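Novice: Hey, dropping data.pdb in here, PDB, C-alpha atoms, pLDDT in the B column:
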MODEL        1
ATOM      1  CA  MET J   1     -10.363 -23.703  -2.758  1.00 47.00           C
ATOM      2  CA  LYS J   2     -13.516 -24.500  -0.781  1.00 55.00           C
ATOM      3  CA  ASP J   3     -11.841 -24.714   2.653  1.00 86.00           C
ATOM      4  CA  PHE J   4     -12.261 -20.994   3.329  1.00 93.00           C
ATOM      5  CA  ASP J   5     -15.163 -18.583   3.355  1.00 95.00           C
ATOM      6  CA  HIS J   6     -15.382 -17.697  -0.350  1.00 96.00           C
ATOM      7  CA  ASP J   7     -17.544 -14.604   0.150  1.00 97.00           C
ATOM      8  CA  LYS J   8     -15.335 -13.253   2.932  1.00 98.00           C
ATOM      9  CA  VAL J   9     -12.174 -13.720   0.850  1.00 98.00           C
ATOM     10  CA  VAL J  10     -13.764 -12.064  -2.196  1.00 98.00           C
ATOM     11  CA  GLY J  11     -14.887  -9.223   0.061  1.00 98.00           C
ATOM     12  CA  LEU J  12     -11.349  -8.768   1.371  1.00 98.00           C
ATOM     13  CA  LEU J  13      -9.915  -8.864  -2.134  1.00 98.00           C
ATOM     14  CA  ASN J  14     -12.432  -6.260  -3.285  1.00 98.00           C
ATOM     15  CA  ARG J  15     -11.526  -4.004  -0.354  1.00 98.00           C
ATOM     16  CA  ILE J  16      -7.849  -4.453  -1.313  1.00 98.00           C
ATOM     17  CA  LEU J  17      -8.673  -3.589  -4.923  1.00 98.00           C
ATOM     18  CA  GLU J  18     -10.530  -0.450  -3.803  1.00 97.00           C
ATOM     19  CA  GLU J  19      -7.710   0.587  -1.447  1.00 96.00           C
ATOM     20  CA  GLU J  20      -5.038   0.107  -4.124  1.00 97.00           C
ATOM     21  CA  LEU J  21      -7.042   2.109  -6.681  1.00 97.00           C
ATOM     22  CA  ALA J  22      -7.458   4.909  -4.148  1.00 96.00           C
ATOM     23  CA  GLY J  23      -3.684   4.817  -3.674  1.00 95.00           C
ATOM     24  CA  VAL J  24      -3.184   5.317  -7.412  1.00 96.00           C
ATOM     25  CA  VAL J  25      -5.329   8.445  -7.267  1.00 95.00           C
ATOM     26  CA  ARG J  26      -3.682   9.730  -4.072  1.00 93.00           C
ATOM     27  CA  TYR J  27      -0.108   9.269  -5.309  1.00 94.00           C
ATOM     28  CA  THR J  28      -0.957  10.808  -8.673  1.00 95.00           C
ATOM     29  CA  HIS J  29      -2.560  13.779  -6.936  1.00 93.00           C
ATOM     30  CA  TYR J  30       0.383  14.162  -4.554  1.00 93.00           C
ATOM     31  CA  SER J  31       2.790  14.169  -7.492  1.00 94.00           C
ATOM     32  CA  LEU J  32       1.053  17.259  -8.872  1.00 93.00           C
ATOM     33  CA  LEU J  33       1.512  19.187  -5.623  1.00 91.00           C
ATOM     34  CA  VAL J  34       5.295  18.986  -5.240  1.00 91.00           C
ATOM     35  CA  PHE J  35       7.322  22.112  -5.839  1.00 91.00           C
ATOM     36  CA  GLY J  36      10.842  23.204  -5.026  1.00 91.00           C
ATOM     37  CA  HIS J  37      14.391  22.146  -5.777  1.00 91.00           C
ATOM     38  CA  SER J  38      13.840  18.451  -5.028  1.00 89.00           C
ATOM     39  CA  ARG J  39      10.639  18.221  -7.104  1.00 93.00           C
ATOM     40  CA  ILE J  40      11.931  15.893  -9.836  1.00 96.00           C
ATOM     41  CA  PRO J  41      13.014  12.917  -7.683  1.00 95.00           C
ATOM     42  CA  ILE J  42      10.016  13.218  -5.365  1.00 94.00           C
ATOM     43  CA  VAL J  43       7.518  13.428  -8.236  1.00 96.00           C
ATOM     44  CA  SER J  44       9.229  10.465  -9.875  1.00 97.00           C
ATOM     45  CA  TRP J  45       8.961   8.432  -6.649  1.00 96.00           C
ATOM     46  CA  LEU J  46       5.295   9.356  -6.135  1.00 96.00           C
ATOM     47  CA  ARG J  47       4.429   8.379  -9.692  1.00 98.00           C
ATOM     48  CA  SER J  48       6.266   5.082  -9.315  1.00 97.00           C
ATOM     49  CA  GLN J  49       4.133   4.441  -6.219  1.00 96.00           C
ATOM     50  CA  ALA J  50       1.007   5.151  -8.286  1.00 97.00           C
ATOM     51  CA  ASP J  51       2.236   2.661 -10.901  1.00 98.00           C
ATOM     52  CA  GLU J  52       2.902   0.069  -8.202  1.00 96.00           C
ATOM     53  CA  GLY J  53      -0.583   0.632  -6.759  1.00 96.00           C
ATOM     54  CA  LEU J  54      -2.089   0.006 -10.184  1.00 98.00           C
ATOM     55  CA  THR J  55      -0.113  -3.226 -10.475  1.00 98.00           C
ATOM     56  CA  HIS J  56      -1.381  -4.265  -7.033  1.00 97.00           C
ATOM     57  CA  ALA J  57      -4.954  -3.426  -8.093  1.00 98.00           C
ATOM     58  CA  HIS J  58      -4.544  -5.587 -11.194  1.00 98.00           C
ATOM     59  CA  GLN J  59      -3.263  -8.464  -9.071  1.00 98.00           C
ATOM     60  CA  ALA J  60      -6.185  -8.198  -6.639  1.00 98.00           C
ATOM     61  CA  GLY J  61      -8.619  -8.094  -9.562  1.00 98.00           C
ATOM     62  CA  GLU J  62      -7.048 -11.186 -11.078  1.00 98.00           C
ATOM     63  CA  MET J  63      -7.415 -13.039  -7.771  1.00 98.00           C
ATOM     64  CA  ILE J  64     -11.080 -12.013  -7.632  1.00 98.00           C
ATOM     65  CA  THR J  65     -11.807 -13.226 -11.159  1.00 98.00           C
ATOM     66  CA  ASN J  66      -9.842 -16.442 -10.480  1.00 97.00           C
ATOM     67  CA  MET J  67     -12.481 -17.073  -7.831  1.00 97.00           C
ATOM     68  CA  ASP J  68     -15.292 -16.561 -10.364  1.00 97.00           C
ATOM     69  CA  ALA J  69     -16.302 -13.316  -8.667  1.00 98.00           C
ATOM     70  CA  TYR J  70     -16.894  -9.786  -9.904  1.00 98.00           C
ATOM     71  CA  PRO J  71     -14.296  -7.093  -9.120  1.00 98.00           C
ATOM     72  CA  SER J  72     -15.591  -4.010  -7.368  1.00 98.00           C
ATOM     73  CA  LEU J  73     -16.071  -0.789  -9.303  1.00 96.00           C
ATOM     74  CA  ALA J  74     -15.746   1.255  -6.107  1.00 97.00           C
ATOM     75  CA  ILE J  75     -12.701   3.143  -4.939  1.00 96.00           C
ATOM     76  CA  GLY J  76     -11.431   3.406  -1.389  1.00 93.00           C
ATOM     77  CA  PRO J  77     -11.160   6.623   0.612  1.00 87.00           C
ATOM     78  CA  LEU J  78      -9.182   9.367  -1.078  1.00 86.00           C
ATOM     79  CA  LEU J  79      -7.687  12.356   0.710  1.00 74.00           C
ATOM     80  CA  ASP J  80      -8.378  13.048   4.361  1.00 65.00           C
ATOM     81  CA  LYS J  81      -7.192  16.603   3.874  1.00 71.00           C
ATOM     82  CA  PRO J  82      -5.290  18.342   1.103  1.00 71.00           C
ATOM     83  CA  GLN J  83      -1.513  18.024   1.514  1.00 70.00           C
ATOM     84  CA  SER J  84       1.299  19.869  -0.177  1.00 74.00           C
ATOM     85  CA  ASP J  85       3.949  19.441   2.507  1.00 87.00           C
ATOM     86  CA  ILE J  86       6.216  16.500   1.634  1.00 91.00           C
ATOM     87  CA  ALA J  87       6.404  15.243   5.229  1.00 91.00           C
ATOM     88  CA  GLY J  88       2.603  15.451   5.507  1.00 90.00           C
ATOM     89  CA  ILE J  89       2.210  13.548   2.257  1.00 91.00           C
ATOM     90  CA  LEU J  90       4.575  10.850   3.503  1.00 93.00           C
ATOM     91  CA  ARG J  91       2.822  10.553   6.874  1.00 92.00           C
ATOM     92  CA  GLU J  92      -0.553  10.255   5.143  1.00 90.00           C
ATOM     93  CA  SER J  93       0.997   7.655   2.840  1.00 90.00           C
ATOM     94  CA  LEU J  94       2.126   5.627   5.863  1.00 93.00           C
ATOM     95  CA  ASP J  95      -1.390   5.751   7.315  1.00 91.00           C
ATOM     96  CA  THR J  96      -3.056   4.585   4.123  1.00 89.00           C
ATOM     97  CA  GLU J  97      -0.439   1.911   3.477  1.00 90.00           C
ATOM     98  CA  ALA J  98      -1.032   0.618   7.010  1.00 94.00           C
ATOM     99  CA  ARG J  99      -4.714   0.110   6.142  1.00 93.00           C
ATOM    100  CA  ALA J 100      -3.762  -1.882   3.044  1.00 94.00           C
ATOM    101  CA  LEU J 101      -1.244  -3.923   5.039  1.00 97.00           C
ATOM    102  CA  GLU J 102      -3.938  -4.865   7.558  1.00 98.00           C
ATOM    103  CA  LEU J 103      -6.200  -6.045   4.736  1.00 98.00           C
ATOM    104  CA  TYR J 104      -3.437  -8.244   3.326  1.00 98.00           C
ATOM    105  CA  LYS J 105      -2.745  -9.670   6.795  1.00 98.00           C
ATOM    106  CA  GLU J 106      -6.446 -10.372   7.261  1.00 98.00           C
ATOM    107  CA  LEU J 107      -6.485 -12.121   3.881  1.00 98.00           C
ATOM    108  CA  LEU J 108      -3.468 -14.227   4.862  1.00 98.00           C
ATOM    109  CA  LYS J 109      -5.145 -15.247   8.114  1.00 97.00           C
ATOM    110  CA  GLU J 110      -8.282 -16.266   6.213  1.00 97.00           C
ATOM    111  CA  VAL J 111      -6.510 -18.423   3.576  1.00 98.00           C
ATOM    112  CA  GLN J 112      -3.409 -19.678   5.396  1.00 96.00           C
ATOM    113  CA  GLY J 113      -3.083 -23.419   4.941  1.00 95.00           C
ATOM    114  CA  ARG J 114      -6.146 -23.448   2.687  1.00 95.00           C
ATOM    115  CA  SER J 115      -4.988 -21.982  -0.628  1.00 96.00           C
ATOM    116  CA  VAL J 116      -1.365 -21.888  -1.729  1.00 96.00           C
ATOM    117  CA  LEU J 117      -2.142 -19.331  -4.446  1.00 97.00           C
ATOM    118  CA  LEU J 118      -3.913 -16.870  -2.166  1.00 98.00           C
ATOM    119  CA  GLU J 119      -1.508 -17.472   0.704  1.00 97.00           C
ATOM    120  CA  GLU J 120       1.540 -16.742  -1.451  1.00 98.00           C
ATOM    121  CA  TYR J 121      -0.181 -13.719  -2.967  1.00 98.00           C
ATOM    122  CA  ALA J 122      -0.962 -12.335   0.497  1.00 98.00           C
ATOM    123  CA  ARG J 123       2.599 -12.979   1.712  1.00 98.00           C
ATOM    124  CA  GLN J 124       4.133 -11.246  -1.313  1.00 98.00           C
ATOM    125  CA  MET J 125       1.879  -8.245  -0.836  1.00 98.00           C
ATOM    126  CA  ILE J 126       2.638  -8.041   2.896  1.00 98.00           C
ATOM    127  CA  TYR J 127       6.345  -8.112   2.043  1.00 97.00           C
ATOM    128  CA  ALA J 128       5.908  -5.340  -0.542  1.00 96.00           C
ATOM    129  CA  GLU J 129       3.814  -3.162   1.797  1.00 96.00           C
ATOM    130  CA  GLU J 130       6.241  -3.603   4.705  1.00 97.00           C
ATOM    131  CA  MET J 131       9.208  -2.717   2.479  1.00 96.00           C
ATOM    132  CA  HIS J 132       7.344   0.349   1.226  1.00 95.00           C
ATOM    133  CA  ALA J 133       6.524   1.473   4.779  1.00 95.00           C
ATOM    134  CA  GLY J 134      10.190   1.062   5.714  1.00 95.00           C
ATOM    135  CA  GLU J 135      11.236   3.278   2.814  1.00 95.00           C
ATOM    136  CA  VAL J 136       8.724   5.955   3.775  1.00 95.00           C
ATOM    137  CA  ARG J 137       9.886   5.882   7.408  1.00 95.00           C
ATOM    138  CA  LYS J 138      13.472   6.342   6.178  1.00 94.00           C
ATOM    139  CA  MET J 139      12.360   9.296   4.062  1.00 92.00           C
ATOM    140  CA  LEU J 140      10.813  10.888   7.152  1.00 94.00           C
ATOM    141  CA  ARG J 141      14.011  10.561   9.214  1.00 92.00           C
ATOM    142  CA  ARG J 142      16.516  13.334   9.615  1.00 87.00           C
ATOM    143  CA  PRO J 143      19.790  12.422   7.854  1.00 84.00           C
ATOM    144  CA  ASP J 144      21.779  12.599  11.119  1.00 82.00           C
ATOM    145  CA  GLU J 145      19.318  10.535  13.186  1.00 77.00           C
ATOM    146  CA  LEU J 146      21.115   7.190  12.901  1.00 73.00           C
ATOM    147  CA  LEU J 147      24.512   8.742  13.542  1.00 73.00           C
ATOM    148  CA  THR J 148      23.177  10.421  16.677  1.00 74.00           C
ATOM    149  CA  LYS J 149      21.712   7.135  17.892  1.00 71.00           C
ATOM    150  CA  ALA J 150      24.999   5.327  17.198  1.00 72.00           C
ATOM    151  CA  LYS J 151      26.976   7.936  19.173  1.00 73.00           C
ATOM    152  CA  THR J 152      24.636   7.839  22.166  1.00 77.00           C
ATOM    153  CA  GLY J 153      24.096   4.079  22.056  1.00 73.00           C
ATOM    154  CA  LYS J 154      20.302   4.530  21.988  1.00 72.00           C
ATOM    155  CA  HIS J 155      18.330   2.382  19.540  1.00 61.00           C
TER     156      HIS J 155
ENDMDL
END
Mind turning this structure into structure tokens?
Specialist:
Amino acid sequence: MKDFDHDKVVGLLNRILEEELAGVVRYTHYSLLVFGHSRIPIVSWLRSQADEGLTHAHQAGEMITNMDAYPSLAIGPLLDKPQSDIAGILRESLDTEARALELYKELLKEVQGRSVLLEEYARQMIYAEEMHAGEVRKMLRRPDELLTKAKTGKH
């Protein structure tokens, strides 16, 4: 594991850890702000995202300690502005997930071909983040959007 810049990789992993922990706080906070007839499934989804963020934070921390380094005690940026609108929450979620995705891609670039463990970790996390972003984009679509596109032939 000496073929890459150890300090840079640890720094990236610590930024990932901080970003994932901030996500736990954000999703937990969002889940407290949902009201209305669809509250139960949305709150459940937000809390599952918080749980997933905590799992991702644990994984990043384990990678850091595998490298004989100290995991950060900091937390990434929290809320840009208070949100209670579901669409606003989802758009903010996409923005913050995009930041995490870029960190994972940067990590992959740094370790690709140099560490199977870190490379596979980065790939798995990129996959998870891209799947999550796809789900959020679907949640932001109008239900008739795909049907309209199919009828008009526009994609």
Novice: Using only C-alpha atoms, what residues lie at most 10 Å away from (10.3, 9.4, 2.7) (file coordinates), given as JSON, numbers by chain?
Specialist: {"J": [42, 45, 86, 87, 89, 90, 91, 93, 94, 132, 133, 134, 135, 136, 137, 138, 139, 140, 141]}
Novice: Could those residues be written to a file, using C-alpha atoms, as a PDB file, in the frame of the given file?
Specialist:
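Listing of part34.pdb after writing:
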ATOM      1  CA  ILE J  42      10.016  13.218  -5.365  1.00 94.00           C
ATOM      2  CA  TRP J  45       8.961   8.432  -6.649  1.00 96.00           C
ATOM      3  CA  ILE J  86       6.216  16.500   1.634  1.00 91.00           C
ATOM      4  CA  ALA J  87       6.404  15.243   5.229  1.00 91.00           C
ATOM      5  CA  ILE J  89       2.210  13.548   2.257  1.00 91.00           C
ATOM      6  CA  LEU J  90       4.575  10.850   3.503  1.00 93.00           C
ATOM      7  CA  ARG J  91       2.822  10.553   6.874  1.00 92.00           C
ATOM      8  CA  SER J  93       0.997   7.655   2.840  1.00 90.00           C
ATOM      9  CA  LEU J  94       2.126   5.627   5.863  1.00 93.00           C
ATOM     10  CA  HIS J 132       7.344   0.349   1.226  1.00 95.00           C
ATOM     11  CA  ALA J 133       6.524   1.473   4.779  1.00 95.00           C
ATOM     12  CA  GLY J 134      10.190   1.062   5.714  1.00 95.00           C
ATOM     13  CA  GLU J 135      11.236   3.278   2.814  1.00 95.00           C
ATOM     14  CA  VAL J 136       8.724   5.955   3.775  1.00 95.00           C
ATOM     15  CA  ARG J 137       9.886   5.882   7.408  1.00 95.00           C
ATOM     16  CA  LYS J 138      13.472   6.342   6.178  1.00 94.00           C
ATOM     17  CA  MET J 139      12.360   9.296   4.062  1.00 92.00           C
ATOM     18  CA  LEU J 140      10.813  10.888   7.152  1.00 94.00           C
ATOM     19  CA  ARG J 141      14.011  10.561   9.214  1.00 92.00           C
TER      20      ARG J 141
END
Novice: Do you know which residues are at most 10 Å from Leu32 of chain J counting all atoms listed in the file, after dropping those on the same chain fewer than 3 positions away, and could you put them as a ChimeraX atom specification?
Specialist: /J:27-29,35,39,43,46-47,84
Novice: For the structure shown, which residues end up in the PyMOL selection byres ((chain J and resi 4-17) around 8)? Put them as a PDB file with C-alpha atoms, in the coordinates of the input, please?
Specialist:
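Saved the output as selection_0.pdb:
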ATOM      1  CA  MET J   1     -10.363 -23.703  -2.758  1.00 47.00           C
ATOM      2  CA  LYS J   2     -13.516 -24.500  -0.781  1.00 55.00           C
ATOM      3  CA  ASP J   3     -11.841 -24.714   2.653  1.00 86.00           C
ATOM      4  CA  GLU J  18     -10.530  -0.450  -3.803  1.00 97.00           C
ATOM      5  CA  GLU J  19      -7.710   0.587  -1.447  1.00 96.00           C
ATOM      6  CA  GLU J  20      -5.038   0.107  -4.124  1.00 97.00           C
ATOM      7  CA  LEU J  21      -7.042   2.109  -6.681  1.00 97.00           C
ATOM      8  CA  HIS J  56      -1.381  -4.265  -7.033  1.00 97.00           C
ATOM      9  CA  ALA J  57      -4.954  -3.426  -8.093  1.00 98.00           C
ATOM     10  CA  HIS J  58      -4.544  -5.587 -11.194  1.00 98.00           C
ATOM     11  CA  ALA J  60      -6.185  -8.198  -6.639  1.00 98.00           C
ATOM     12  CA  GLY J  61      -8.619  -8.094  -9.562  1.00 98.00           C
ATOM     13  CA  MET J  63      -7.415 -13.039  -7.771  1.00 98.00           C
ATOM     14  CA  ILE J  64     -11.080 -12.013  -7.632  1.00 98.00           C
ATOM     15  CA  MET J  67     -12.481 -17.073  -7.831  1.00 97.00           C
ATOM     16  CA  ALA J  69     -16.302 -13.316  -8.667  1.00 98.00           C
ATOM     17  CA  PRO J  71     -14.296  -7.093  -9.120  1.00 98.00           C
ATOM     18  CA  SER J  72     -15.591  -4.010  -7.368  1.00 98.00           C
ATOM     19  CA  ILE J  75     -12.701   3.143  -4.939  1.00 96.00           C
ATOM     20  CA  GLY J  76     -11.431   3.406  -1.389  1.00 93.00           C
ATOM     21  CA  ALA J 100      -3.762  -1.882   3.044  1.00 94.00           C
ATOM     22  CA  LEU J 103      -6.200  -6.045   4.736  1.00 98.00           C
ATOM     23  CA  TYR J 104      -3.437  -8.244   3.326  1.00 98.00           C
ATOM     24  CA  GLU J 106      -6.446 -10.372   7.261  1.00 98.00           C
ATOM     25  CA  LEU J 107      -6.485 -12.121   3.881  1.00 98.00           C
ATOM     26  CA  GLU J 110      -8.282 -16.266   6.213  1.00 97.00           C
ATOM     27  CA  VAL J 111      -6.510 -18.423   3.576  1.00 98.00           C
ATOM     28  CA  ARG J 114      -6.146 -23.448   2.687  1.00 95.00           C
TER      29      ARG J 114
END
Novice: Given the choices J:Leu146, J:Ala74, J:Leu79, J:Leu101, which gets closest to Gln124 of chain J if the distance is worked out from all atoms listed in the file?
Specialist: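 Distance minimum relative to Gln124 of chain J lands on J:Leu101.
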Novice: Hey, which of J:Gln83, J:Thr148, J:Asn66, J:Ser115 ends up closest to Tyr30 of chain J? Count only C-alpha atoms.
Specialist: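 Distance minimum relative to Tyr30 of chain J lands on J:Gln83.
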Novice: Quick one: of J:Ser31, J:Glu97, J:Glu52, J:Tyr70, who's nearest to Glu130 of chain J, counting all atoms listed in the file?
Specialist: J:Glu97
Novice: In Å, how far is it from atom CA of Pro41 of chain J to atom CA of Glu145 of chain J?
Specialist: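 The value is 21.9 Å.
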Novice: What is the distance, in Å and to one decimal place, between atom CA of Ala22 of chain J and atom CA of Pro77 of chain J?
Specialist: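 Computed distance, atom CA of Ala22 of chain J to atom CA of Pro77 of chain J, equals 6.3 Å.
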Novice: Calculate how many Å separate atom CA of Gln112 of chain J from atom CA of Thr55 of chain J, rounding to one decimal.
Specialist: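 Distance between the two atoms: 23.1 Å.
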Novice: Which is closer to Gly53 of chain J than all the others in J:Val25, J:Val34, J:Ile126, J:Leu78, using all atoms listed in the file?
Specialist: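 Closest residue, counting all atoms listed in the file: J:Val25.
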Novice: For segment 38-41 of chain J, I'd like the enclosing box, axis-aligned and padded by 5 Å on every side, reported as JSON with centre and edge lengths in Å to one decimal.
Specialist:
{"center_x": 12.2, "center_y": 15.7, "center_z": -7.4, "size_x": 13.2, "size_y": 15.5, "size_z": 14.8}
Novice: Quick one: of J:Leu54, J:Gln49, J:Gln59, J:Thr152, who's nearest to Leu117 of chain J, counting only C-alpha atoms?
Specialist: J:Gln59
